[in-house]
file run-v9.tsv (TSV, C-alpha atoms)
chain	number	residue	atom	x	y	z
K	336	PRO	CA	0.00	0.00	0.00
K	337	GLN	CA	2.75	2.37	0.80
K	338	GLY	CA	4.22	2.23	-2.71
K	339	LYS	CA	1.11	3.62	-4.38
K	340	TRP	CA	0.63	6.14	-1.61
K	341	GLY	CA	4.23	7.33	-1.86
K	342	MET	CA	4.19	7.64	-5.63
K	343	MET	CA	0.97	9.62	-5.67
K	344	MET	CA	2.18	11.95	-2.95
K	345	LYS	CA	5.43	12.60	-4.84
K	346	MET	CA	4.39	12.48	-8.51
K	347	PHE	CA	1.04	14.22	-8.26
K	348	ASN	CA	1.78	16.82	-5.55
K	349	ARG	CA	-0.30	15.23	-2.79
K	350	THR	CA	-3.13	14.40	-5.16
K	351	PHE	CA	-4.50	10.97	-4.45
K	352	PHE	CA	-6.73	9.28	-7.03
K	353	ARG	CA	-9.40	6.95	-5.61
K	354	ILE	CA	-11.99	4.99	-7.50
K	355	GLU	CA	-15.37	5.49	-5.86
K	356	GLY	CA	-16.42	2.45	-3.88
K	357	SER	CA	-13.05	0.70	-3.99
K	358	ASN	CA	-12.33	0.06	-0.35
K	359	GLY	CA	-11.32	-3.58	-0.15
K	360	LEU	CA	-10.10	-5.31	2.98
K	361	VAL	CA	-6.47	-6.33	3.43
K	362	GLN	CA	-4.26	-7.91	6.09
K	363	PRO	CA	-0.92	-6.11	5.78
K	364	VAL	CA	2.03	-8.12	6.98
K	365	PHE	CA	5.56	-7.01	7.83
K	366	PHE	CA	8.20	-8.35	5.45
K	367	ASN	CA	10.38	-9.54	8.35
K	368	ASP	CA	7.52	-11.80	9.46
K	369	ILE	CA	7.36	-13.33	5.97
K	370	ALA	CA	11.12	-13.93	5.99
K	371	LEU	CA	10.93	-15.56	9.42
K	372	ALA	CA	8.00	-17.72	8.30
K	373	THR	CA	10.02	-18.89	5.30
K	374	LEU	CA	12.98	-19.80	7.50
K	375	ASN	CA	10.76	-21.64	9.99
K	376	ALA	CA	9.03	-23.54	7.18
K	377	LEU	CA	12.41	-24.67	5.88
K	378	LYS	CA	13.53	-25.79	9.35
K	379	MET	CA	10.35	-27.64	10.36
K	380	ASP	CA	9.93	-31.16	8.97
K	381	GLU	CA	6.13	-31.05	9.28
K	382	SER	CA	5.92	-28.05	6.89
K	383	ALA	CA	7.12	-30.08	3.87
K	384	GLY	CA	4.47	-29.97	1.14
K	385	GLN	CA	2.20	-27.64	3.14
K	386	ALA	CA	0.69	-24.35	1.98
K	387	TYR	CA	0.37	-21.39	4.33
K	388	GLU	CA	-1.76	-18.26	4.11
K	389	LEU	CA	0.22	-15.46	5.70
K	390	GLY	CA	-1.60	-12.29	6.65
K	391	GLY	CA	-1.26	-9.74	9.40
K	392	PRO	CA	-3.20	-10.07	12.66
K	393	HIS	CA	-5.72	-7.33	11.80
K	394	VAL	CA	-7.96	-6.62	8.84
K	395	TYR	CA	-7.98	-3.03	7.56
K	396	SER	CA	-9.79	-1.21	4.81
K	397	TRP	CA	-7.66	0.82	2.40
K	398	ASP	CA	-9.14	4.03	3.81
K	399	GLU	CA	-7.96	3.06	7.31
K	400	ILE	CA	-4.45	2.36	6.02
K	401	TYR	CA	-4.19	5.68	4.20
K	402	GLU	CA	-5.58	7.55	7.21
K	403	GLN	CA	-2.73	6.13	9.29
K	404	PHE	CA	-0.20	7.30	6.67
K	405	TYR	CA	-1.71	10.79	6.66
K	406	ALA	CA	-1.72	10.96	10.46
K	407	ILE	CA	1.94	9.94	10.71
K	408	THR	CA	3.23	12.34	8.06
K	409	GLY	CA	0.86	15.22	8.63
K	410	ILE	CA	0.27	15.36	4.86
K	411	LYS	CA	-3.23	16.40	3.93
K	412	PRO	CA	-3.86	14.94	0.49
K	413	TYR	CA	-6.13	16.20	-2.24
K	414	ILE	CA	-8.33	13.16	-2.77
K	415	VAL	CA	-9.81	13.00	-6.26
K	416	PRO	CA	-12.71	10.56	-6.49
K	417	LEU	CA	-12.92	8.91	-9.89
K	418	LYS	CA	-15.83	6.98	-11.34
K	419	LEU	CA	-14.93	3.54	-12.60
K	420	GLU	CA	-16.53	4.27	-15.98
K	421	ASN	CA	-14.35	7.35	-16.46
K	422	VAL	CA	-11.17	5.50	-15.57
K	423	MET	CA	-11.91	2.69	-18.00
K	424	GLU	CA	-12.73	5.19	-20.74
K	425	TRP	CA	-9.45	7.00	-20.06
K	426	ALA	CA	-7.53	3.73	-20.19
K	427	HIS	CA	-8.80	2.88	-23.65
K	428	SER	CA	-8.59	6.36	-25.13
K	429	PRO	CA	-6.39	6.51	-28.26
K	430	LYS	CA	-5.14	9.96	-27.21
K	431	LEU	CA	-3.71	8.58	-24.00
K	432	SER	CA	-2.13	5.46	-25.39
K	433	SER	CA	1.35	6.68	-26.22
K	434	HIS	CA	3.66	8.97	-24.27
K	435	TYR	CA	0.96	9.93	-21.77
K	436	ARG	CA	0.86	6.35	-20.54
K	437	TYR	CA	4.61	6.39	-20.11
K	438	MET	CA	4.36	9.57	-18.05
K	439	GLY	CA	1.70	8.04	-15.80
K	440	LYS	CA	3.44	4.67	-15.70
K	441	TYR	CA	1.78	1.75	-13.98
K	442	TRP	CA	0.29	3.54	-10.95
K	443	MET	CA	-2.29	5.24	-13.16
K	444	TYR	CA	-3.48	2.14	-15.00
K	445	PRO	CA	-7.07	1.26	-14.10
K	446	GLU	CA	-5.99	-2.24	-13.16
K	447	PHE	CA	-3.61	-0.82	-10.57
K	448	LEU	CA	-6.24	1.54	-9.19
K	449	LEU	CA	-8.80	-1.27	-9.08
K	450	ASN	CA	-6.56	-3.44	-6.90
K	451	GLU	CA	-7.96	-1.62	-3.89
K	452	SER	CA	-11.45	-2.95	-4.57
K	453	ILE	CA	-10.36	-6.56	-4.06
K	454	ASP	CA	-10.52	-8.14	-0.59
K	455	ILE	CA	-7.19	-9.79	0.20
K	456	THR	CA	-7.63	-11.63	3.46
K	457	THR	CA	-6.62	-15.04	4.70
K	458	ASN	CA	-8.87	-17.97	5.40
K	459	PRO	CA	-8.87	-18.63	9.17
K	460	ASP	CA	-9.21	-22.38	8.54
K	461	GLU	CA	-5.91	-22.57	6.60
K	462	LYS	CA	-2.41	-22.90	8.05
K	463	SER	CA	-0.89	-19.57	9.00
K	464	PHE	CA	1.79	-17.87	11.06
K	465	GLU	CA	0.70	-19.66	14.23
K	466	ASP	CA	1.49	-23.03	12.64
K	467	LEU	CA	5.02	-21.73	12.00
K	468	LEU	CA	5.34	-20.55	15.63
K	469	ILE	CA	5.28	-16.84	14.76
K	470	LYS	CA	3.17	-14.00	16.13
K	471	PRO	CA	3.09	-11.40	13.33
K	472	ALA	CA	3.48	-7.72	14.08
K	473	SER	CA	0.50	-5.44	13.62
K	474	PHE	CA	0.43	-2.95	10.76
K	475	ALA	CA	-0.15	-0.10	13.21
K	476	VAL	CA	3.13	-0.96	14.98
K	477	ASN	CA	5.11	-0.79	11.72
K	478	ALA	CA	3.21	1.98	9.92
K	479	LYS	CA	5.82	4.57	10.87
K	480	GLN	CA	8.57	2.37	9.40
K	481	TYR	CA	6.61	1.96	6.16
K	482	VAL	CA	6.21	5.73	5.87
K	483	ASN	CA	9.89	6.36	6.65
K	484	ASP	CA	10.94	3.91	3.95
K	485	ILE	CA	8.84	5.76	1.38
K	486	LEU	CA	10.01	9.19	2.52
K	487	TRP	CA	13.62	8.05	2.35
K	488	TYR	CA	13.13	6.55	-1.11
K	489	ASN	CA	11.40	9.63	-2.50
K	490	ALA	CA	13.60	12.24	-0.81
K	491	GLY	CA	16.43	13.81	-2.79
K	492	ALA	CA	19.87	14.27	-1.26
K	493	ASN	CA	19.07	17.73	0.10
K	494	GLU	CA	15.27	17.72	0.05
K	495	GLN	CA	14.32	16.01	3.28
K	496	ASP	CA	15.86	14.34	6.28
K	497	PRO	CA	14.91	10.64	6.17
K	498	GLN	CA	14.76	10.64	9.99
K	499	ALA	CA	12.20	13.44	10.06
K	500	PHE	CA	9.32	11.24	11.15
K	501	ASN	CA	11.09	9.03	13.70
K	502	GLY	CA	9.87	11.05	16.64
call {"tool": "encode", "arguments": {"input": "run-v9.tsv", "output": "structure tokens"}}
result
Amino acid sequence: PQGKWGMMMKMFNRTFFRIEGSNGLVQPVFFNDIALATLNALKMDESAGQAYELGGPHVYSWDEIYEQFYAITGIKPYIVPLKLENVMEWAHSPKLSSHYRYMGKYWMYPEFLLNESIDITTNPDEKSFEDLLIKPASFAVNAKQYVNDILWYNAGANEQDPQAFNG
């Protein structure tokens, strides 16, 4: 989530494009928890041939995730609601099929914007972190780290201190 948020904040001067009604549910998970789960699965004999659904401990809507990003950074975005019909028309317009698409790159494709309308949650009946002896960290605990990673990535050498939001 933070990649799209960071690119829109940087590329479009705090303008955030949202498709109306696209507020799917997700279970964000910290990448360190995924790495630890992979290591544990390799070490445990009983994990051979098993499939695991790895998701964070809490379910969030995309609006809740972005609200946390805005609260941490203090950035007030300009949210532009887009109708799905307009976005699909824009995507198939012959005028916007050449260099304009390159300028917008992948974060303006309708498929990318529509990803937020899909629920991505785990099935509680499937094997998960608990079966690999891991208690995953909550998104709220790591939200500040996510934001700092994006700010550091998007900041130029003299533009912004990457430690600005550590307090």
call {"tool": "residues_around", "arguments": {"input": "run-v9.tsv", "residues": "Asp398 of chain K", "least_positions_apart": "6", "cutoff": "12 Å", "atoms": "all atoms listed in the file", "output": "list in words"}}
result
Pro336, Trp340, Phe351, Arg353, Ile354, Glu355, Gly356, Ser357, Asn358, Gly359, Leu360, Val361, Phe404, Tyr405, Ile414, Glu451 and Ser452 of chain K
call {"tool": "residues_around", "arguments": {"input": "run-v9.tsv", "residues": "segment 374-377 of chain K", "least_positions_apart": "5", "cutoff": "12 Å", "atoms": "only C-alpha atoms", "output": "JSON, numbers by chain"}}
result
{"K": [367, 368, 369, 382, 383, 384, 385, 386, 387, 462, 463, 464, 465, 466, 467, 468, 469]}
call {"tool": "residues_around", "arguments": {"input": "run-v9.tsv", "residues": "Pro392 of chain K", "least_positions_apart": "4", "cutoff": "8 Å", "atoms": "only C-alpha atoms", "output": "compact mmCIF listing (two decimals) with C-alpha atoms, in the frame of the given file"}}
result
# COMPACT_ATOMS: atom_id res chain seq x y z
CA GLN K 362 -4.26 -7.91 6.09
CA VAL K 364 2.03 -8.12 6.98
CA PRO K 471 3.09 -11.40 13.33
CA ALA K 472 3.48 -7.72 14.08
CA SER K 473 0.50 -5.44 13.62
call {"tool": "atom_distance", "arguments": {"input": "run-v9.tsv", "atom1": "atom CA of Pro363 of chain K", "atom2": "atom CA of Thr408 of chain K"}}
result
19.0 Å
call {"tool": "closest_residue", "arguments": {"input": "run-v9.tsv", "among": "K:Asn450, K:Thr457, K:Thr350, K:Asn483", "to": "Trp397 of chain K", "atoms": "only C-alpha atoms"}}
result
K:Asn450
call {"tool": "atom_distance", "arguments": {"input": "run-v9.tsv", "atom1": "atom CA of Met379 of chain K", "atom2": "atom CA of Ile455 of chain K"}}
result
27.0 Å
